[in-house]
Amino acid sequence: MFEGKSRTLFFRFAVPQMIGLLFNSVYTIVDGVFIGHRLGREAMAAAAVAVPLIEILISVAIAAGSGAGVLIAARLGAGDREGARRLFNTAAGMLAAAGVLVALLGNLFLAPLARLLGASPEILEPACGYLWFIVTFSPFQLFSFLLGGMARNDGRPRLAMTAMILGAGSNILLDYVFMYPLNLGIRGAAMATALGPIFSVLILLPHFLGRRGELYFAPCPLRRRWLSDAGGILVCGVPSFVMEFSIGIVTFLYNFAIARWGYGELGLAAYLVIGYLMLIILTLFLGMAEGLQPVFSRFMATGERERGLAMRRFSTGAFLGVGLVSCLLVFTCSRWFFLAFAPEDPELIAFAVDRVVPYFCGFFLTGFNILMISFWQATQETGRALAVSLLRSVILPPALLLILPPLLGREALWVCQSAADALTALFVIFFLVFSRLS
């Protein structure tokens with residue numbers, strides 16, 4: 001499964017996960033299309049409130065899956081199948097506990113959560129209606145990503161892709177049924193989003209319940225080794241958590257900045273559709289990076305350093321190429337994308353189109369940063385991966401959002417994320433050159 005040239009492995013592992021994750025992003029994008037057509041700008045702003053929470057849930061699941069995946073690939077590469085299975089079951093137990101906790105606390109504190117995520121008094125009720133389904137069905141959201149990641153590490157990247165695609169397809173169908181024939185409003189859109197991961201889980205479960213690979217469910221008693229495994233998974237998964245969580249962080253920061261600088265409901269709705277476009281591009285990069293994790297980890301476990309570096313070089317060219325093409329398409333075709341959400345709101349469309357170039361001007365470098373985070377994480381150089389993750393999400397974006405608008409005017413807030421990724425890429429390049437020279 002891990003034999004062949006870099007190009008072959010890239011198409012075997014990176015492309016299926018990219019396709020699967022791209023379809024999975026349809027969960028939220030299709031909601032936006034249906035909500036924009038059926039319910040209008042206010043409902044779109046209410047749905048935007050839930051986006052950071054959804055991204056947080058996804059980031060938790062990907063962190064557990066990637067952290068366990070790095071360690072599992074190392075164990076399988078060393079022939080320790082029992083240790084790999086123990087790590088898989090530890091990760092599953094951790095996410096089961098996290099899902100139950102989110103569902104309980106989310107329902108107990110639903111209105112405060114909506115306010116924390118940026119809901120104004122005018123949209124609090126529809127925002128709470130949307131959030132209820134997200135928090136209640138959160139265990140399935142978590143497990144759909146975990147099981148997909150584990151299937152890739154077990155040599156089944158196409159199964160993971162199929163589960164994501166069919167889950168997204170069910171979301172499209174249910175969005176139409178719930179919002180048009182049944183007329184359930186924004187709750188119908190949230191229900192479709194919440195039910196999609198259930199279908200993905202049902203497709204993935206037979207692989208693990210039927211013991212069709214090296215990884216399957218087995219009793220995992222709470223003992224010292226379990227705690228040690230859980231700690232190792234968390235440590236290895238932190239860079240992926242920050243990388244994925246950055247989507248939620250940036251969305252939250254932009255929601256707050258948009259409100260602070262007086263853009264109001266128009267700005268929030270416009271950022272929602274811009275955010276959908278951003279999500280598509282990030283999904284391409286994150287999908288390829290997640291798909292390559294088992295490859296990088298396996299090469300590290302088997303001591304094939306040169307093959308790992310060759311894989312990284314090939315992937316760098318692929319990521320930069322995808323980034324440049326994506327940005328070109330965004331600059332030339334974004335109006336048609338936005339029209340799908342609000343065809344009868346020309347003010348919203350014009351506002352969003354005017355902000356596309358500053359917002360996406362540096363996004364072709366985002367993939368390079370994400371690739372390096374994934375490579376260093378997969379090869380257990382967690383410190384380097386974490387430093388880059390923090391720089392592009394937790395450190396630079398909030399700093400730039402605080403500094404640039406007061407200095408250059410409120411329109412400068414739309415360039416902050418691209419500037420953060422460009423500065424991060426310069427840091428990565430400097431680090432690579434310095435490491436080679438030293």
# chains A, B, ... in the order shown; residues from 1 in each chain; ligands from 1
>>> residues_around(residues="range 318-334 of chain A", least_positions_apart="3", cutoff="10 Å", atoms="only C-alpha atoms", output="PDB file with N, CA, C and O atoms, in the first residue's frame")
ATOM      1  N   ARG A   7       4.589  10.562  -6.732  1.00  0.00           N
ATOM      2  CA  ARG A   7       3.365  10.902  -7.463  1.00  0.00           C
ATOM      3  C   ARG A   7       2.275   9.864  -7.221  1.00  0.00           C
ATOM      4  O   ARG A   7       1.108  10.199  -6.976  1.00  0.00           O
ATOM      5  N   PHE A  10       0.933  10.148  -3.685  1.00  0.00           N
ATOM      6  CA  PHE A  10       0.144  11.370  -3.540  1.00  0.00           C
ATOM      7  C   PHE A  10      -1.277  11.144  -4.042  1.00  0.00           C
ATOM      8  O   PHE A  10      -2.253  11.503  -3.370  1.00  0.00           O
ATOM      9  N   VAL A 273     -20.526  34.095   3.423  1.00  0.00           N
ATOM     10  CA  VAL A 273     -20.329  33.533   2.075  1.00  0.00           C
ATOM     11  C   VAL A 273     -18.849  33.556   1.694  1.00  0.00           C
ATOM     12  O   VAL A 273     -18.376  32.653   0.993  1.00  0.00           O
ATOM     13  N   ILE A 274     -18.107  34.572   2.143  1.00  0.00           N
ATOM     14  CA  ILE A 274     -16.656  34.568   1.931  1.00  0.00           C
ATOM     15  C   ILE A 274     -16.029  33.393   2.675  1.00  0.00           C
ATOM     16  O   ILE A 274     -15.119  32.728   2.180  1.00  0.00           O
ATOM     17  N   LEU A 277     -16.285  30.194   0.794  1.00  0.00           N
ATOM     18  CA  LEU A 277     -15.255  30.110  -0.237  1.00  0.00           C
ATOM     19  C   LEU A 277     -13.902  29.768   0.384  1.00  0.00           C
ATOM     20  O   LEU A 277     -13.140  28.946  -0.147  1.00  0.00           O
ATOM     21  N   MET A 278     -13.596  30.402   1.509  1.00  0.00           N
ATOM     22  CA  MET A 278     -12.357  30.090   2.230  1.00  0.00           C
ATOM     23  C   MET A 278     -12.336  28.621   2.650  1.00  0.00           C
ATOM     24  O   MET A 278     -11.309  27.943   2.564  1.00  0.00           O
ATOM     25  N   ILE A 280     -13.684  26.061   1.235  1.00  0.00           N
ATOM     26  CA  ILE A 280     -13.388  25.177   0.106  1.00  0.00           C
ATOM     27  C   ILE A 280     -11.881  25.097  -0.131  1.00  0.00           C
ATOM     28  O   ILE A 280     -11.318  24.008  -0.299  1.00  0.00           O
ATOM     29  N   ILE A 281     -11.215  26.249  -0.135  1.00  0.00           N
ATOM     30  CA  ILE A 281      -9.771  26.258  -0.383  1.00  0.00           C
ATOM     31  C   ILE A 281      -9.022  25.570   0.755  1.00  0.00           C
ATOM     32  O   ILE A 281      -8.124  24.746   0.521  1.00  0.00           O
ATOM     33  N   LEU A 282      -9.383  25.891   1.990  1.00  0.00           N
ATOM     34  CA  LEU A 282      -8.739  25.237   3.130  1.00  0.00           C
ATOM     35  C   LEU A 282      -8.978  23.738   3.118  1.00  0.00           C
ATOM     36  O   LEU A 282      -8.102  22.952   3.495  1.00  0.00           O
ATOM     37  N   LEU A 284      -9.257  21.818   0.524  1.00  0.00           N
ATOM     38  CA  LEU A 284      -8.322  21.201  -0.423  1.00  0.00           C
ATOM     39  C   LEU A 284      -6.978  20.940   0.254  1.00  0.00           C
ATOM     40  O   LEU A 284      -6.411  19.843   0.157  1.00  0.00           O
ATOM     41  N   PHE A 285      -6.475  21.956   0.965  1.00  0.00           N
ATOM     42  CA  PHE A 285      -5.171  21.822   1.616  1.00  0.00           C
ATOM     43  C   PHE A 285      -5.218  20.842   2.777  1.00  0.00           C
ATOM     44  O   PHE A 285      -4.337  19.978   2.917  1.00  0.00           O
ATOM     45  N   MET A 288      -5.548  17.150   1.560  1.00  0.00           N
ATOM     46  CA  MET A 288      -4.292  16.592   1.059  1.00  0.00           C
ATOM     47  C   MET A 288      -3.317  16.340   2.202  1.00  0.00           C
ATOM     48  O   MET A 288      -2.630  15.305   2.232  1.00  0.00           O
ATOM     49  N   ALA A 289      -3.243  17.275   3.146  1.00  0.00           N
ATOM     50  CA  ALA A 289      -2.312  17.121   4.270  1.00  0.00           C
ATOM     51  C   ALA A 289      -2.692  15.931   5.143  1.00  0.00           C
ATOM     52  O   ALA A 289      -1.834  15.146   5.557  1.00  0.00           O
ATOM     53  N   ARG A 312       7.824  15.095   0.384  1.00  0.00           N
ATOM     54  CA  ARG A 312       7.561  16.476   0.795  1.00  0.00           C
ATOM     55  C   ARG A 312       7.833  17.451  -0.343  1.00  0.00           C
ATOM     56  O   ARG A 312       7.079  18.400  -0.562  1.00  0.00           O
ATOM     57  N   ARG A 313       8.916  17.230  -1.085  1.00  0.00           N
ATOM     58  CA  ARG A 313       9.239  18.124  -2.210  1.00  0.00           C
ATOM     59  C   ARG A 313       8.153  18.068  -3.286  1.00  0.00           C
ATOM     60  O   ARG A 313       7.719  19.108  -3.798  1.00  0.00           O
ATOM     61  N   PHE A 314       7.737  16.878  -3.628  1.00  0.00           N
ATOM     62  CA  PHE A 314       6.676  16.752  -4.633  1.00  0.00           C
ATOM     63  C   PHE A 314       5.390  17.417  -4.144  1.00  0.00           C
ATOM     64  O   PHE A 314       4.714  18.132  -4.897  1.00  0.00           O
ATOM     65  N   SER A 315       5.058  17.200  -2.884  1.00  0.00           N
ATOM     66  CA  SER A 315       3.822  17.747  -2.326  1.00  0.00           C
ATOM     67  C   SER A 315       3.863  19.266  -2.257  1.00  0.00           C
ATOM     68  O   SER A 315       2.831  19.924  -2.446  1.00  0.00           O
ATOM     69  N   PHE A 337     -20.237  32.421  -7.510  1.00  0.00           N
ATOM     70  CA  PHE A 337     -20.358  31.625  -6.290  1.00  0.00           C
ATOM     71  C   PHE A 337     -21.283  32.318  -5.290  1.00  0.00           C
ATOM     72  O   PHE A 337     -22.181  31.703  -4.714  1.00  0.00           O
ATOM     73  N   PHE A 338     -21.097  33.619  -5.087  1.00  0.00           N
ATOM     74  CA  PHE A 338     -21.908  34.353  -4.123  1.00  0.00           C
ATOM     75  C   PHE A 338     -23.373  34.441  -4.555  1.00  0.00           C
ATOM     76  O   PHE A 338     -24.280  34.451  -3.717  1.00  0.00           O
ATOM     77  N   LEU A 339     -23.609  34.521  -5.859  1.00  0.00           N
ATOM     78  CA  LEU A 339     -24.988  34.598  -6.353  1.00  0.00           C
ATOM     79  C   LEU A 339     -25.803  33.356  -5.989  1.00  0.00           C
ATOM     80  O   LEU A 339     -27.034  33.423  -5.887  1.00  0.00           O
ATOM     81  N   ILE A 349     -23.962  40.907  -2.503  1.00  0.00           N
ATOM     82  CA  ILE A 349     -23.040  40.372  -3.503  1.00  0.00           C
ATOM     83  C   ILE A 349     -21.922  41.366  -3.791  1.00  0.00           C
ATOM     84  O   ILE A 349     -20.731  41.003  -3.815  1.00  0.00           O
ATOM     85  N   ALA A 352     -19.438  41.590  -0.857  1.00  0.00           N
ATOM     86  CA  ALA A 352     -18.559  40.423  -0.756  1.00  0.00           C
ATOM     87  C   ALA A 352     -17.510  40.410  -1.870  1.00  0.00           C
ATOM     88  O   ALA A 352     -16.329  40.134  -1.621  1.00  0.00           O
ATOM     89  N   VAL A 353     -17.907  40.726  -3.096  1.00  0.00           N
ATOM     90  CA  VAL A 353     -16.973  40.713  -4.229  1.00  0.00           C
ATOM     91  C   VAL A 353     -15.853  41.734  -4.023  1.00  0.00           C
ATOM     92  O   VAL A 353     -14.687  41.475  -4.341  1.00  0.00           O
ATOM     93  N   VAL A 356     -12.996  40.259  -1.825  1.00  0.00           N
ATOM     94  CA  VAL A 356     -12.386  38.985  -2.192  1.00  0.00           C
ATOM     95  C   VAL A 356     -10.875  39.106  -2.391  1.00  0.00           C
ATOM     96  O   VAL A 356     -10.101  38.294  -1.853  1.00  0.00           O
ATOM     97  N   VAL A 357     -10.432  40.086  -3.157  1.00  0.00           N
ATOM     98  CA  VAL A 357      -9.000  40.195  -3.461  1.00  0.00           C
ATOM     99  C   VAL A 357      -8.176  40.429  -2.201  1.00  0.00           C
ATOM    100  O   VAL A 357      -7.185  39.720  -1.972  1.00  0.00           O
ATOM    101  N   PRO A 358      -8.521  41.400  -1.347  1.00  0.00           N
ATOM    102  CA  PRO A 358      -7.712  41.554  -0.128  1.00  0.00           C
ATOM    103  C   PRO A 358      -7.770  40.336   0.786  1.00  0.00           C
ATOM    104  O   PRO A 358      -6.758  39.986   1.401  1.00  0.00           O
ATOM    105  N   PHE A 360      -8.178  37.088   0.000  1.00  0.00           N
ATOM    106  CA  PHE A 360      -7.553  35.861  -0.509  1.00  0.00           C
ATOM    107  C   PHE A 360      -6.185  36.085  -1.157  1.00  0.00           C
ATOM    108  O   PHE A 360      -5.610  35.138  -1.685  1.00  0.00           O
ATOM    109  N   CYS A 361      -5.642  37.298  -1.117  1.00  0.00           N
ATOM    110  CA  CYS A 361      -4.424  37.579  -1.880  1.00  0.00           C
ATOM    111  C   CYS A 361      -3.229  36.732  -1.445  1.00  0.00           C
ATOM    112  O   CYS A 361      -2.316  36.484  -2.246  1.00  0.00           O
ATOM    113  N   GLY A 362      -3.192  36.268  -0.209  1.00  0.00           N
ATOM    114  CA  GLY A 362      -2.064  35.460   0.250  1.00  0.00           C
ATOM    115  C   GLY A 362      -2.403  34.006   0.493  1.00  0.00           C
ATOM    116  O   GLY A 362      -1.578  33.253   1.030  1.00  0.00           O
ATOM    117  N   PHE A 363      -3.583  33.568   0.055  1.00  0.00           N
ATOM    118  CA  PHE A 363      -4.022  32.210   0.371  1.00  0.00           C
ATOM    119  C   PHE A 363      -3.272  31.129  -0.397  1.00  0.00           C
ATOM    120  O   PHE A 363      -3.348  29.952  -0.029  1.00  0.00           O
ATOM    121  N   PHE A 364      -2.562  31.499  -1.469  1.00  0.00           N
ATOM    122  CA  PHE A 364      -1.798  30.469  -2.184  1.00  0.00           C
ATOM    123  C   PHE A 364      -0.660  29.929  -1.322  1.00  0.00           C
ATOM    124  O   PHE A 364      -0.139  28.842  -1.585  1.00  0.00           O
ATOM    125  N   LEU A 365      -0.271  30.662  -0.272  1.00  0.00           N
ATOM    126  CA  LEU A 365       0.770  30.202   0.646  1.00  0.00           C
ATOM    127  C   LEU A 365       0.215  29.391   1.810  1.00  0.00           C
ATOM    128  O   LEU A 365       0.977  28.745   2.529  1.00  0.00           O
ATOM    129  N   THR A 366      -1.097  29.421   1.991  1.00  0.00           N
ATOM    130  CA  THR A 366      -1.709  28.702   3.112  1.00  0.00           C
ATOM    131  C   THR A 366      -1.421  27.209   3.028  1.00  0.00           C
ATOM    132  O   THR A 366      -1.122  26.562   4.033  1.00  0.00           O
ATOM    133  N   GLY A 367      -1.522  26.654   1.830  1.00  0.00           N
ATOM    134  CA  GLY A 367      -1.284  25.223   1.664  1.00  0.00           C
ATOM    135  C   GLY A 367       0.132  24.825   2.027  1.00  0.00           C
ATOM    136  O   GLY A 367       0.355  23.754   2.616  1.00  0.00           O
ATOM    137  N   PHE A 368       1.100  25.655   1.667  1.00  0.00           N
ATOM    138  CA  PHE A 368       2.497  25.377   2.018  1.00  0.00           C
ATOM    139  C   PHE A 368       2.661  25.294   3.534  1.00  0.00           C
ATOM    140  O   PHE A 368       3.310  24.380   4.049  1.00  0.00           O
ATOM    141  N   ASN A 369       2.051  26.234   4.261  1.00  0.00           N
ATOM    142  CA  ASN A 369       2.117  26.205   5.726  1.00  0.00           C
ATOM    143  C   ASN A 369       1.474  24.948   6.291  1.00  0.00           C
ATOM    144  O   ASN A 369       2.014  24.297   7.193  1.00  0.00           O
ATOM    145  N   ILE A 370       0.310  24.600   5.763  1.00  0.00           N
ATOM    146  CA  ILE A 370      -0.413  23.422   6.254  1.00  0.00           C
ATOM    147  C   ILE A 370       0.369  22.145   5.968  1.00  0.00           C
ATOM    148  O   ILE A 370       0.430  21.224   6.792  1.00  0.00           O
ATOM    149  N   LEU A 371       0.999  22.059   4.781  1.00  0.00           N
ATOM    150  CA  LEU A 371       1.810  20.886   4.448  1.00  0.00           C
ATOM    151  C   LEU A 371       2.952  20.724   5.439  1.00  0.00           C
ATOM    152  O   LEU A 371       3.218  19.610   5.918  1.00  0.00           O
TER     153      LEU A 371
END
>>> residues_around(residues="Leu9 in chain A", least_positions_apart="6", cutoff="12 Å", atoms="only C-alpha atoms", output="ChimeraX atom specification")
/A:1-3,15-16,155,157,288,291-296,298-299,307-308,310-312,314-315
>>> write_last_selection(atoms="N, CA, C and O atoms", output="PDB file, in the first residue's frame")
ATOM      1  N   MET A   1       0.817  -1.208   0.000  1.00  0.00           N
ATOM      2  CA  MET A   1       0.000   0.000   0.000  1.00  0.00           C
ATOM      3  C   MET A   1       0.858   1.268   0.000  1.00  0.00           C
ATOM      4  O   MET A   1       0.462   2.304  -0.504  1.00  0.00           O
ATOM      5  N   PHE A   2       2.049   1.205   0.607  1.00  0.00           N
ATOM      6  CA  PHE A   2       2.918   2.374   0.707  1.00  0.00           C
ATOM      7  C   PHE A   2       4.094   2.297  -0.259  1.00  0.00           C
ATOM      8  O   PHE A   2       5.073   3.009  -0.096  1.00  0.00           O
ATOM      9  N   GLU A   3       4.001   1.433  -1.264  1.00  0.00           N
ATOM     10  CA  GLU A   3       5.054   1.322  -2.264  1.00  0.00           C
ATOM     11  C   GLU A   3       4.736   2.233  -3.448  1.00  0.00           C
ATOM     12  O   GLU A   3       3.585   2.565  -3.712  1.00  0.00           O
ATOM     13  N   VAL A  15      -5.206  12.624  -2.671  1.00  0.00           N
ATOM     14  CA  VAL A  15      -6.340  13.013  -3.507  1.00  0.00           C
ATOM     15  C   VAL A  15      -7.669  12.458  -2.986  1.00  0.00           C
ATOM     16  O   VAL A  15      -8.655  13.205  -2.915  1.00  0.00           O
ATOM     17  N   PRO A  16      -7.777  11.162  -2.619  1.00  0.00           N
ATOM     18  CA  PRO A  16      -9.062  10.693  -2.081  1.00  0.00           C
ATOM     19  C   PRO A  16      -9.513  11.467  -0.839  1.00  0.00           C
ATOM     20  O   PRO A  16     -10.700  11.802  -0.707  1.00  0.00           O
ATOM     21  N   GLY A 155      -5.095   1.638   5.779  1.00  0.00           N
ATOM     22  CA  GLY A 155      -4.944   1.310   4.366  1.00  0.00           C
ATOM     23  C   GLY A 155      -6.216   1.377   3.556  1.00  0.00           C
ATOM     24  O   GLY A 155      -6.289   0.796   2.469  1.00  0.00           O
ATOM     25  N   PRO A 157      -8.047   4.421   2.296  1.00  0.00           N
ATOM     26  CA  PRO A 157      -8.367   5.829   2.016  1.00  0.00           C
ATOM     27  C   PRO A 157      -9.638   6.011   1.195  1.00  0.00           C
ATOM     28  O   PRO A 157     -10.354   6.994   1.358  1.00  0.00           O
ATOM     29  N   MET A 288      -5.548  17.150   1.560  1.00  0.00           N
ATOM     30  CA  MET A 288      -4.292  16.592   1.059  1.00  0.00           C
ATOM     31  C   MET A 288      -3.317  16.340   2.202  1.00  0.00           C
ATOM     32  O   MET A 288      -2.630  15.305   2.232  1.00  0.00           O
ATOM     33  N   GLY A 291      -4.414  13.316   4.215  1.00  0.00           N
ATOM     34  CA  GLY A 291      -4.185  12.099   3.447  1.00  0.00           C
ATOM     35  C   GLY A 291      -2.723  11.677   3.433  1.00  0.00           C
ATOM     36  O   GLY A 291      -2.412  10.478   3.392  1.00  0.00           O
ATOM     37  N   LEU A 292      -1.810  12.648   3.488  1.00  0.00           N
ATOM     38  CA  LEU A 292      -0.384  12.336   3.457  1.00  0.00           C
ATOM     39  C   LEU A 292       0.172  11.916   4.808  1.00  0.00           C
ATOM     40  O   LEU A 292       1.285  11.364   4.868  1.00  0.00           O
ATOM     41  N   GLN A 293      -0.554  12.178   5.883  1.00  0.00           N
ATOM     42  CA  GLN A 293      -0.041  11.848   7.225  1.00  0.00           C
ATOM     43  C   GLN A 293       0.381  10.385   7.362  1.00  0.00           C
ATOM     44  O   GLN A 293       1.494  10.108   7.854  1.00  0.00           O
ATOM     45  N   PRO A 294      -0.445   9.408   6.949  1.00  0.00           N
ATOM     46  CA  PRO A 294       0.022   8.017   7.078  1.00  0.00           C
ATOM     47  C   PRO A 294       1.295   7.733   6.285  1.00  0.00           C
ATOM     48  O   PRO A 294       2.122   6.923   6.712  1.00  0.00           O
ATOM     49  N   VAL A 295       1.458   8.400   5.140  1.00  0.00           N
ATOM     50  CA  VAL A 295       2.638   8.174   4.305  1.00  0.00           C
ATOM     51  C   VAL A 295       3.891   8.690   5.003  1.00  0.00           C
ATOM     52  O   VAL A 295       4.897   7.977   5.141  1.00  0.00           O
ATOM     53  N   PHE A 296       3.840   9.952   5.458  1.00  0.00           N
ATOM     54  CA  PHE A 296       4.987  10.530   6.163  1.00  0.00           C
ATOM     55  C   PHE A 296       5.316   9.726   7.427  1.00  0.00           C
ATOM     56  O   PHE A 296       6.483   9.465   7.729  1.00  0.00           O
ATOM     57  N   ARG A 298       4.633   6.558   8.109  1.00  0.00           N
ATOM     58  CA  ARG A 298       5.163   5.228   7.785  1.00  0.00           C
ATOM     59  C   ARG A 298       6.628   5.310   7.369  1.00  0.00           C
ATOM     60  O   ARG A 298       7.447   4.478   7.773  1.00  0.00           O
ATOM     61  N   PHE A 299       6.985   6.317   6.557  1.00  0.00           N
ATOM     62  CA  PHE A 299       8.384   6.474   6.163  1.00  0.00           C
ATOM     63  C   PHE A 299       9.282   6.725   7.368  1.00  0.00           C
ATOM     64  O   PHE A 299      10.406   6.230   7.446  1.00  0.00           O
ATOM     65  N   ARG A 307      12.893   8.993   1.134  1.00  0.00           N
ATOM     66  CA  ARG A 307      11.579   8.897   0.500  1.00  0.00           C
ATOM     67  C   ARG A 307      10.621   9.921   1.096  1.00  0.00           C
ATOM     68  O   ARG A 307       9.796  10.516   0.382  1.00  0.00           O
ATOM     69  N   GLY A 308      10.727  10.145   2.404  1.00  0.00           N
ATOM     70  CA  GLY A 308       9.888  11.147   3.047  1.00  0.00           C
ATOM     71  C   GLY A 308      10.172  12.546   2.542  1.00  0.00           C
ATOM     72  O   GLY A 308       9.250  13.331   2.272  1.00  0.00           O
ATOM     73  N   ALA A 310      11.551  13.307  -0.371  1.00  0.00           N
ATOM     74  CA  ALA A 310      11.115  13.368  -1.770  1.00  0.00           C
ATOM     75  C   ALA A 310       9.604  13.580  -1.844  1.00  0.00           C
ATOM     76  O   ALA A 310       9.107  14.348  -2.686  1.00  0.00           O
ATOM     77  N   MET A 311       8.869  12.917  -0.955  1.00  0.00           N
ATOM     78  CA  MET A 311       7.421  13.083  -0.905  1.00  0.00           C
ATOM     79  C   MET A 311       7.066  14.519  -0.533  1.00  0.00           C
ATOM     80  O   MET A 311       6.135  15.113  -1.094  1.00  0.00           O
ATOM     81  N   ARG A 312       7.824  15.095   0.384  1.00  0.00           N
ATOM     82  CA  ARG A 312       7.561  16.476   0.795  1.00  0.00           C
ATOM     83  C   ARG A 312       7.833  17.451  -0.343  1.00  0.00           C
ATOM     84  O   ARG A 312       7.079  18.400  -0.562  1.00  0.00           O
ATOM     85  N   PHE A 314       7.737  16.878  -3.628  1.00  0.00           N
ATOM     86  CA  PHE A 314       6.676  16.752  -4.633  1.00  0.00           C
ATOM     87  C   PHE A 314       5.390  17.417  -4.144  1.00  0.00           C
ATOM     88  O   PHE A 314       4.714  18.132  -4.897  1.00  0.00           O
ATOM     89  N   SER A 315       5.058  17.200  -2.884  1.00  0.00           N
ATOM     90  CA  SER A 315       3.822  17.747  -2.326  1.00  0.00           C
ATOM     91  C   SER A 315       3.863  19.266  -2.257  1.00  0.00           C
ATOM     92  O   SER A 315       2.831  19.924  -2.446  1.00  0.00           O
TER      93      SER A 315
END
>>> residues_around(residues="Gly65 in chain A", least_positions_apart="4", cutoff="6 Å", atoms="only C-alpha atoms", output="list in words")
Gly69, Leu146 and Gly149 of chain A
>>> write_last_selection(atoms="C-alpha atoms", output="mmCIF file, in the first residue's frame")
data_model
loop_
_atom_site.group_PDB
_atom_site.id
_atom_site.type_symbol
_atom_site.label_atom_id
_atom_site.label_comp_id
_atom_site.auth_asym_id
_atom_site.auth_seq_id
_atom_site.Cartn_x
_atom_site.Cartn_y
_atom_site.Cartn_z
ATOM 1 C CA GLY A 69 -2.717 8.133 13.454
ATOM 2 C CA LEU A 146 -12.074 9.915 13.725
ATOM 3 C CA GLY A 149 -8.786 9.060 9.735
#
>>> closest_atom_pairs(of="range 3-61 of chain A", to="range 109-120 of chain A", cutoff="12 Å", atoms="only C-alpha atoms", output="Markdown table")
| residue | atom | partner | partner_atom | distance |
| --- | --- | --- | --- | --- |
| A:Glu42 | CA | A:Ser120 | CA | 10.7 |
| A:Ala43 | CA | A:Ala119 | CA | 11.2 |
| A:Met44 | CA | A:Ala119 | CA | 11.6 |
| A:Ala45 | CA | A:Ala119 | CA | 8.3 |
| A:Ala46 | CA | A:Ala119 | CA | 6.8 |
| A:Ala47 | CA | A:Ala119 | CA | 9.5 |
| A:Ala48 | CA | A:Gly118 | CA | 8.9 |
| A:Val49 | CA | A:Leu117 | CA | 5.6 |
| A:Ala50 | CA | A:Leu117 | CA | 7.2 |
| A:Val51 | CA | A:Leu117 | CA | 8.9 |
| A:Pro52 | CA | A:Leu117 | CA | 7.3 |
| A:Leu53 | CA | A:Leu117 | CA | 7.9 |
| A:Ile54 | CA | A:Leu117 | CA | 11.2 |
| A:Ile56 | CA | A:Leu117 | CA | 11.6 |
>>> atom_distance(atom1="CA of Val100 in chain A", atom2="CA of Trp132 in chain A")
13.9 Å
>>> residues_around(residues="range 84-90 of chain A", least_positions_apart="5", cutoff="7 Å", atoms="only C-alpha atoms", output="ChimeraX atom specification")
/A:68,72,75-76,215-218,220,226,229-230
>>> atom_distance(atom1="CA of Pro139 in chain A", atom2="CA of Ala96 in chain A")
6.5 Å
>>> closest_residue(among="A:Ala78, A:Leu204, A:Leu174, A:Ile249", to="Arg158 in chain A", atoms="only C-alpha atoms")
A:Leu204
>>> residues_around(residues="Val201 in chain A", least_positions_apart="4", cutoff="10 Å", atoms="only C-alpha atoms", output="list in words")
Phe140, Gln141, Leu142, Phe143, Ser144, Phe145, Leu146, Leu147, Gly148, Ala160, Ala163, Met164, Gly167, Gly196, Pro197, Leu205 and Pro206 of chain A
>>> closest_atom_pairs(of="range 39-135 of chain A", to="range 192-195 of chain A", cutoff="9 Å", atoms="only C-alpha atoms", output="tab-separated table")
residue	atom	partner	partner_atom	distance
A:Phe133	CA	A:Ala194	CA	6.0
A:Ile134	CA	A:Ala194	CA	5.7
A:Val135	CA	A:Ala194	CA	8.7
>>> select_by_dssp(residues="range 319-371 of chain A", states="alpha helix (DSSP H)", output="PyMOL selection string")
chain A and resi 319-339+346-360+366-371
